[in-house]
Amino acid sequence: MTSVLIVVSCIAGDSLPDCGSGISSVRFPDFIACEDAAVRTHEHLRASADARGQTVLLLDTRCFALSPGAPA
């Protein structure tokens, strides 16, 4: 069953938080591959914010299994 990664983040900006969300364009062949990508994404976003001296206010990565026959 194919899985998809959804990322939601909010990072403290200069005057206002920079918030966003998105669905990865990659379709993962299984849930474990998606979970691995979620961990890497989480670590990358935190490291990027730290390198810029910013504070991560919210960071959520979720994997969802797509039902067979769902749109690609």
# chains A, B, ... in the order shown; residues from 1 in each chain; ligands from 1

call {"tool": "residues_around", "arguments": {"residues": "A:Ile23", "least_positions_apart": "6", "cutoff": "12 Å", "atoms": "only C-alpha atoms", "output": "mmCIF file with all heavy atoms, in the first residue's frame"}}
result
data_model
loop_
_atom_site.group_PDB
_atom_site.id
_atom_site.type_symbol
_atom_site.label_atom_id
_atom_site.label_comp_id
_atom_site.auth_asym_id
_atom_site.auth_seq_id
_atom_site.Cartn_x
_atom_site.Cartn_y
_atom_site.Cartn_z
ATOM 1 N N SER A 3 2.144 5.089 0.583
ATOM 2 C CA SER A 3 1.981 6.081 1.643
ATOM 3 C C SER A 3 2.440 7.444 1.155
ATOM 4 O O SER A 3 3.258 7.551 0.246
ATOM 5 C CB SER A 3 2.798 5.686 2.876
ATOM 6 O OG SER A 3 2.292 4.506 3.450
ATOM 7 N N VAL A 4 1.911 8.482 1.790
ATOM 8 C CA VAL A 4 2.261 9.856 1.446
ATOM 9 C C VAL A 4 2.666 10.590 2.729
ATOM 10 O O VAL A 4 2.145 10.297 3.801
ATOM 11 C CB VAL A 4 1.079 10.546 0.723
ATOM 12 C CG1 VAL A 4 -0.122 10.683 1.616
ATOM 13 C CG2 VAL A 4 1.490 11.880 0.177
ATOM 14 N N LEU A 5 3.613 11.521 2.614
ATOM 15 C CA LEU A 5 4.123 12.286 3.757
ATOM 16 C C LEU A 5 3.518 13.682 3.737
ATOM 17 O O LEU A 5 3.542 14.366 2.713
ATOM 18 C CB LEU A 5 5.650 12.382 3.683
ATOM 19 C CG LEU A 5 6.343 13.260 4.719
ATOM 20 C CD1 LEU A 5 6.104 12.738 6.132
ATOM 21 C CD2 LEU A 5 7.832 13.347 4.419
ATOM 22 N N ILE A 6 2.999 14.107 4.881
ATOM 23 C CA ILE A 6 2.464 15.459 5.049
ATOM 24 C C ILE A 6 3.310 16.160 6.111
ATOM 25 O O ILE A 6 3.593 15.593 7.160
ATOM 26 C CB ILE A 6 0.985 15.420 5.461
ATOM 27 C CG1 ILE A 6 0.165 14.766 4.342
ATOM 28 C CG2 ILE A 6 0.472 16.822 5.779
ATOM 29 C CD1 ILE A 6 -1.274 14.553 4.668
ATOM 30 N N VAL A 7 3.727 17.392 5.807
ATOM 31 C CA VAL A 7 4.574 18.158 6.717
ATOM 32 C C VAL A 7 3.889 19.480 7.042
ATOM 33 O O VAL A 7 3.408 20.179 6.153
ATOM 34 C CB VAL A 7 5.958 18.455 6.089
ATOM 35 C CG1 VAL A 7 6.816 19.286 7.032
ATOM 36 C CG2 VAL A 7 6.670 17.167 5.707
ATOM 37 N N VAL A 8 3.842 19.812 8.339
ATOM 38 C CA VAL A 8 3.331 21.095 8.816
ATOM 39 C C VAL A 8 4.424 21.708 9.675
ATOM 40 O O VAL A 8 4.981 21.036 10.541
ATOM 41 C CB VAL A 8 2.045 20.910 9.657
ATOM 42 C CG1 VAL A 8 1.559 22.237 10.195
ATOM 43 C CG2 VAL A 8 0.963 20.210 8.863
ATOM 44 N N CYS A 34 8.046 5.742 4.290
ATOM 45 C CA CYS A 34 7.497 7.064 4.581
ATOM 46 C C CYS A 34 7.941 7.542 5.966
ATOM 47 O O CYS A 34 8.318 8.702 6.134
ATOM 48 C CB CYS A 34 5.970 7.036 4.491
ATOM 49 S SG CYS A 34 5.211 8.654 4.684
ATOM 50 N N ALA A 38 10.009 10.856 6.942
ATOM 51 C CA ALA A 38 9.487 11.805 7.931
ATOM 52 C C ALA A 38 10.562 12.180 8.942
ATOM 53 O O ALA A 38 10.729 13.357 9.273
ATOM 54 C CB ALA A 38 8.269 11.216 8.643
ATOM 55 N N THR A 61 5.292 15.882 11.229
ATOM 56 C CA THR A 61 5.384 15.074 10.018
ATOM 57 C C THR A 61 4.495 13.849 10.221
ATOM 58 O O THR A 61 4.561 13.194 11.256
ATOM 59 C CB THR A 61 6.837 14.631 9.732
ATOM 60 O OG1 THR A 61 7.387 14.021 10.901
ATOM 61 C CG2 THR A 61 7.701 15.812 9.342
ATOM 62 N N ARG A 62 3.654 13.573 9.240
ATOM 63 C CA ARG A 62 2.723 12.445 9.332
ATOM 64 C C ARG A 62 2.721 11.651 8.047
ATOM 65 O O ARG A 62 2.778 12.217 6.961
ATOM 66 C CB ARG A 62 1.298 12.940 9.573
ATOM 67 C CG ARG A 62 1.089 13.765 10.793
ATOM 68 C CD ARG A 62 0.997 12.881 12.009
ATOM 69 N NE ARG A 62 0.972 13.704 13.203
ATOM 70 C CZ ARG A 62 0.041 13.619 14.116
ATOM 71 N NH1 ARG A 62 -0.948 12.764 13.998
ATOM 72 N NH2 ARG A 62 0.099 14.370 15.194
ATOM 73 N N CYS A 63 2.621 10.363 8.173
ATOM 74 C CA CYS A 63 2.483 9.482 7.022
ATOM 75 C C CYS A 63 1.054 8.929 7.006
ATOM 76 O O CYS A 63 0.511 8.555 8.051
ATOM 77 C CB CYS A 63 3.461 8.322 7.112
ATOM 78 S SG CYS A 63 5.167 8.815 6.882
ATOM 79 N N PHE A 64 0.489 8.920 5.817
ATOM 80 C CA PHE A 64 -0.848 8.363 5.642
ATOM 81 C C PHE A 64 -0.818 7.334 4.527
ATOM 82 O O PHE A 64 -0.224 7.568 3.468
ATOM 83 C CB PHE A 64 -1.853 9.460 5.279
ATOM 84 C CG PHE A 64 -2.130 10.396 6.413
ATOM 85 C CD1 PHE A 64 -1.438 11.587 6.531
ATOM 86 C CD2 PHE A 64 -3.069 10.076 7.381
ATOM 87 C CE1 PHE A 64 -1.680 12.447 7.594
ATOM 88 C CE2 PHE A 64 -3.312 10.927 8.444
ATOM 89 C CZ PHE A 64 -2.618 12.120 8.543
#

call {"tool": "select_by_dssp", "arguments": {"residues": "chain A", "states": "strand (DSSP E or B)", "output": "VMD selection string"}}
result
chain A and resid 3 to 11 18 to 28 56 to 65

call {"tool": "residues_around", "arguments": {"residues": "A:Leu16", "least_positions_apart": "6", "cutoff": "12 Å", "atoms": "only C-alpha atoms", "output": "PyMOL selection string"}}
result
chain A and resi 10+54-55+57

call {"tool": "residues_around", "arguments": {"residues": "A:Arg46", "least_positions_apart": "5", "cutoff": "9 Å", "atoms": "only C-alpha atoms", "output": "list in words"}}
result
Thr41, Ala51, Thr55, Val56 and Leu59 of chain A

call {"tool": "closest_residue", "arguments": {"among": "A:Glu35, A:His44, A:Asp60, A:Leu66", "to": "A:Gly20", "atoms": "only C-alpha atoms"}}
result
A:Asp60

call {"tool": "atom_distance", "arguments": {"atom1": "atom CA of A:Ile11", "atom2": "atom CA of A:Ser24"}}
result
19.0 Å

call {"tool": "atom_distance", "arguments": {"atom1": "atom CA of A:His42", "atom2": "atom CA of A:Ser15"}}
result
23.5 Å

call {"tool": "select_by_dssp", "arguments": {"residues": "chain A", "states": "alpha helix (DSSP H)", "output": "list in words"}}
result
Phe31, Ile32, Ala33, Cys34, Glu35, Asp36, Ala37, Ala38, Val39, Arg40, Thr41, His42, Glu43, His44, Leu45, Arg46, Ala47, Ser48, Ala49, Asp50 and Ala51 of chain A

call {"tool": "write_last_selection", "arguments": {"atoms": "all heavy atoms", "output": "compact mmCIF listing (two decimals), in the first residue's frame"}}
result
# COMPACT_ATOMS: atom_id res chain seq x y z
N PHE A 31 4.76 2.01 4.32
CA PHE A 31 4.68 2.93 5.45
C PHE A 31 6.05 3.15 6.09
O PHE A 31 6.37 4.27 6.51
CB PHE A 31 3.68 2.39 6.48
CG PHE A 31 3.20 3.43 7.44
CD1 PHE A 31 2.25 4.36 7.04
CD2 PHE A 31 3.69 3.49 8.72
CE1 PHE A 31 1.80 5.33 7.92
CE2 PHE A 31 3.24 4.46 9.61
CZ PHE A 31 2.29 5.37 9.21
N ILE A 32 6.88 2.13 6.17
CA ILE A 32 8.20 2.25 6.79
C ILE A 32 9.08 3.23 6.02
O ILE A 32 9.77 4.06 6.61
CB ILE A 32 8.88 0.87 6.93
CG1 ILE A 32 8.10 0.03 7.94
CG2 ILE A 32 10.33 1.01 7.33
CD1 ILE A 32 8.53 -1.41 8.03
N ALA A 33 9.05 3.19 4.69
CA ALA A 33 9.82 4.14 3.88
C ALA A 33 9.34 5.56 4.13
O ALA A 33 10.14 6.50 4.19
CB ALA A 33 9.70 3.78 2.40
N CYS A 34 8.05 5.74 4.29
CA CYS A 34 7.50 7.06 4.58
C CYS A 34 7.94 7.54 5.97
O CYS A 34 8.32 8.70 6.13
CB CYS A 34 5.97 7.04 4.49
SG CYS A 34 5.21 8.65 4.68
N GLU A 35 7.91 6.65 6.95
CA GLU A 35 8.36 7.03 8.29
C GLU A 35 9.83 7.44 8.28
O GLU A 35 10.20 8.40 8.96
CB GLU A 35 8.15 5.87 9.27
CG GLU A 35 6.70 5.67 9.65
CD GLU A 35 6.53 4.52 10.62
OE1 GLU A 35 7.25 3.50 10.49
OE2 GLU A 35 5.67 4.64 11.50
N ASP A 36 10.66 6.74 7.54
CA ASP A 36 12.08 7.11 7.43
C ASP A 36 12.22 8.50 6.82
O ASP A 36 13.02 9.32 7.30
CB ASP A 36 12.84 6.09 6.57
CG ASP A 36 13.02 4.74 7.25
OD1 ASP A 36 12.84 4.66 8.49
OD2 ASP A 36 13.33 3.77 6.54
N ALA A 37 11.45 8.79 5.79
CA ALA A 37 11.49 10.11 5.17
C ALA A 37 10.99 11.18 6.13
O ALA A 37 11.51 12.30 6.16
CB ALA A 37 10.66 10.11 3.89
N ALA A 38 10.01 10.86 6.94
CA ALA A 38 9.49 11.81 7.93
C ALA A 38 10.56 12.18 8.94
O ALA A 38 10.73 13.36 9.27
CB ALA A 38 8.27 11.22 8.64
N VAL A 39 11.31 11.20 9.41
CA VAL A 39 12.40 11.47 10.37
C VAL A 39 13.46 12.34 9.73
O VAL A 39 13.92 13.33 10.32
CB VAL A 39 13.01 10.15 10.89
CG1 VAL A 39 14.28 10.40 11.68
CG2 VAL A 39 11.99 9.40 11.74
N ARG A 40 13.86 12.02 8.49
CA ARG A 40 14.88 12.83 7.80
C ARG A 40 14.39 14.26 7.58
O ARG A 40 15.14 15.22 7.77
CB ARG A 40 15.27 12.18 6.47
CG ARG A 40 16.11 10.93 6.63
CD ARG A 40 16.68 10.45 5.30
NE ARG A 40 15.68 10.28 4.25
CZ ARG A 40 14.95 9.19 4.07
NH1 ARG A 40 15.10 8.16 4.87
NH2 ARG A 40 14.08 9.12 3.08
N THR A 41 13.14 14.42 7.19
CA THR A 41 12.58 15.74 6.97
C THR A 41 12.55 16.54 8.27
O THR A 41 12.93 17.72 8.30
CB THR A 41 11.14 15.63 6.40
OG1 THR A 41 11.21 14.93 5.16
CG2 THR A 41 10.50 16.99 6.21
N HIS A 42 12.14 15.91 9.34
CA HIS A 42 12.08 16.54 10.65
C HIS A 42 13.47 17.03 11.06
O HIS A 42 13.64 18.19 11.45
CB HIS A 42 11.55 15.51 11.66
CG HIS A 42 11.00 16.10 12.91
ND1 HIS A 42 11.79 16.39 13.99
CD2 HIS A 42 9.74 16.46 13.24
CE1 HIS A 42 11.04 16.88 14.95
NE2 HIS A 42 9.79 16.94 14.53
N GLU A 43 14.47 16.16 10.93
CA GLU A 43 15.84 16.52 11.31
C GLU A 43 16.38 17.64 10.42
O GLU A 43 17.05 18.55 10.90
CB GLU A 43 16.74 15.29 11.24
CG GLU A 43 16.43 14.28 12.32
CD GLU A 43 17.18 12.96 12.15
OE1 GLU A 43 17.81 12.74 11.09
OE2 GLU A 43 17.12 12.15 13.09
N HIS A 44 16.08 17.59 9.13
CA HIS A 44 16.56 18.62 8.19
C HIS A 44 15.97 19.99 8.51
O HIS A 44 16.69 21.00 8.55
CB HIS A 44 16.22 18.22 6.75
CG HIS A 44 16.53 19.28 5.75
ND1 HIS A 44 17.82 19.58 5.35
CD2 HIS A 44 15.72 20.15 5.10
CE1 HIS A 44 17.78 20.58 4.49
NE2 HIS A 44 16.52 20.93 4.31
N LEU A 45 14.66 20.05 8.76
CA LEU A 45 14.03 21.32 9.06
C LEU A 45 14.53 21.91 10.38
O LEU A 45 14.77 23.11 10.48
CB LEU A 45 12.51 21.17 9.09
CG LEU A 45 11.85 20.93 7.73
CD1 LEU A 45 10.37 20.59 7.90
CD2 LEU A 45 12.01 22.15 6.84
N ARG A 46 14.73 21.07 11.38
CA ARG A 46 15.26 21.56 12.67
C ARG A 46 16.70 22.07 12.50
O ARG A 46 17.05 23.11 13.02
CB ARG A 46 15.22 20.46 13.73
CG ARG A 46 13.85 20.24 14.28
CD ARG A 46 13.93 19.72 15.71
NE ARG A 46 12.60 19.58 16.25
CZ ARG A 46 11.96 20.56 16.87
NH1 ARG A 46 12.50 21.73 17.02
NH2 ARG A 46 10.75 20.36 17.35
N ALA A 47 17.52 21.32 11.78
CA ALA A 47 18.91 21.74 11.57
C ALA A 47 18.98 23.04 10.78
O ALA A 47 19.80 23.92 11.09
CB ALA A 47 19.68 20.64 10.84
N SER A 48 18.12 23.21 9.77
CA SER A 48 18.10 24.44 8.99
C SER A 48 17.71 25.64 9.85
O SER A 48 18.32 26.71 9.76
CB SER A 48 17.11 24.33 7.83
OG SER A 48 17.55 23.37 6.91
N ALA A 49 16.71 25.46 10.70
CA ALA A 49 16.29 26.54 11.59
C ALA A 49 17.41 26.88 12.58
O ALA A 49 17.70 28.05 12.82
CB ALA A 49 15.02 26.16 12.33
N ASP A 50 18.04 25.86 13.15
CA ASP A 50 19.13 26.08 14.09
C ASP A 50 20.28 26.84 13.44
O ASP A 50 20.85 27.76 14.03
CB ASP A 50 19.65 24.75 14.66
CG ASP A 50 18.71 24.13 15.66
OD1 ASP A 50 17.78 24.82 16.14
OD2 ASP A 50 18.88 22.93 15.96
N ALA A 51 20.61 26.49 12.20
CA ALA A 51 21.71 27.14 11.49
C ALA A 51 21.41 28.62 11.26
O ALA A 51 22.34 29.44 11.19
CB ALA A 51 21.97 26.44 10.15

call {"tool": "atom_distance", "arguments": {"atom1": "atom CA of A:Asp30", "atom2": "atom CA of A:Thr2"}}
result
5.4 Å
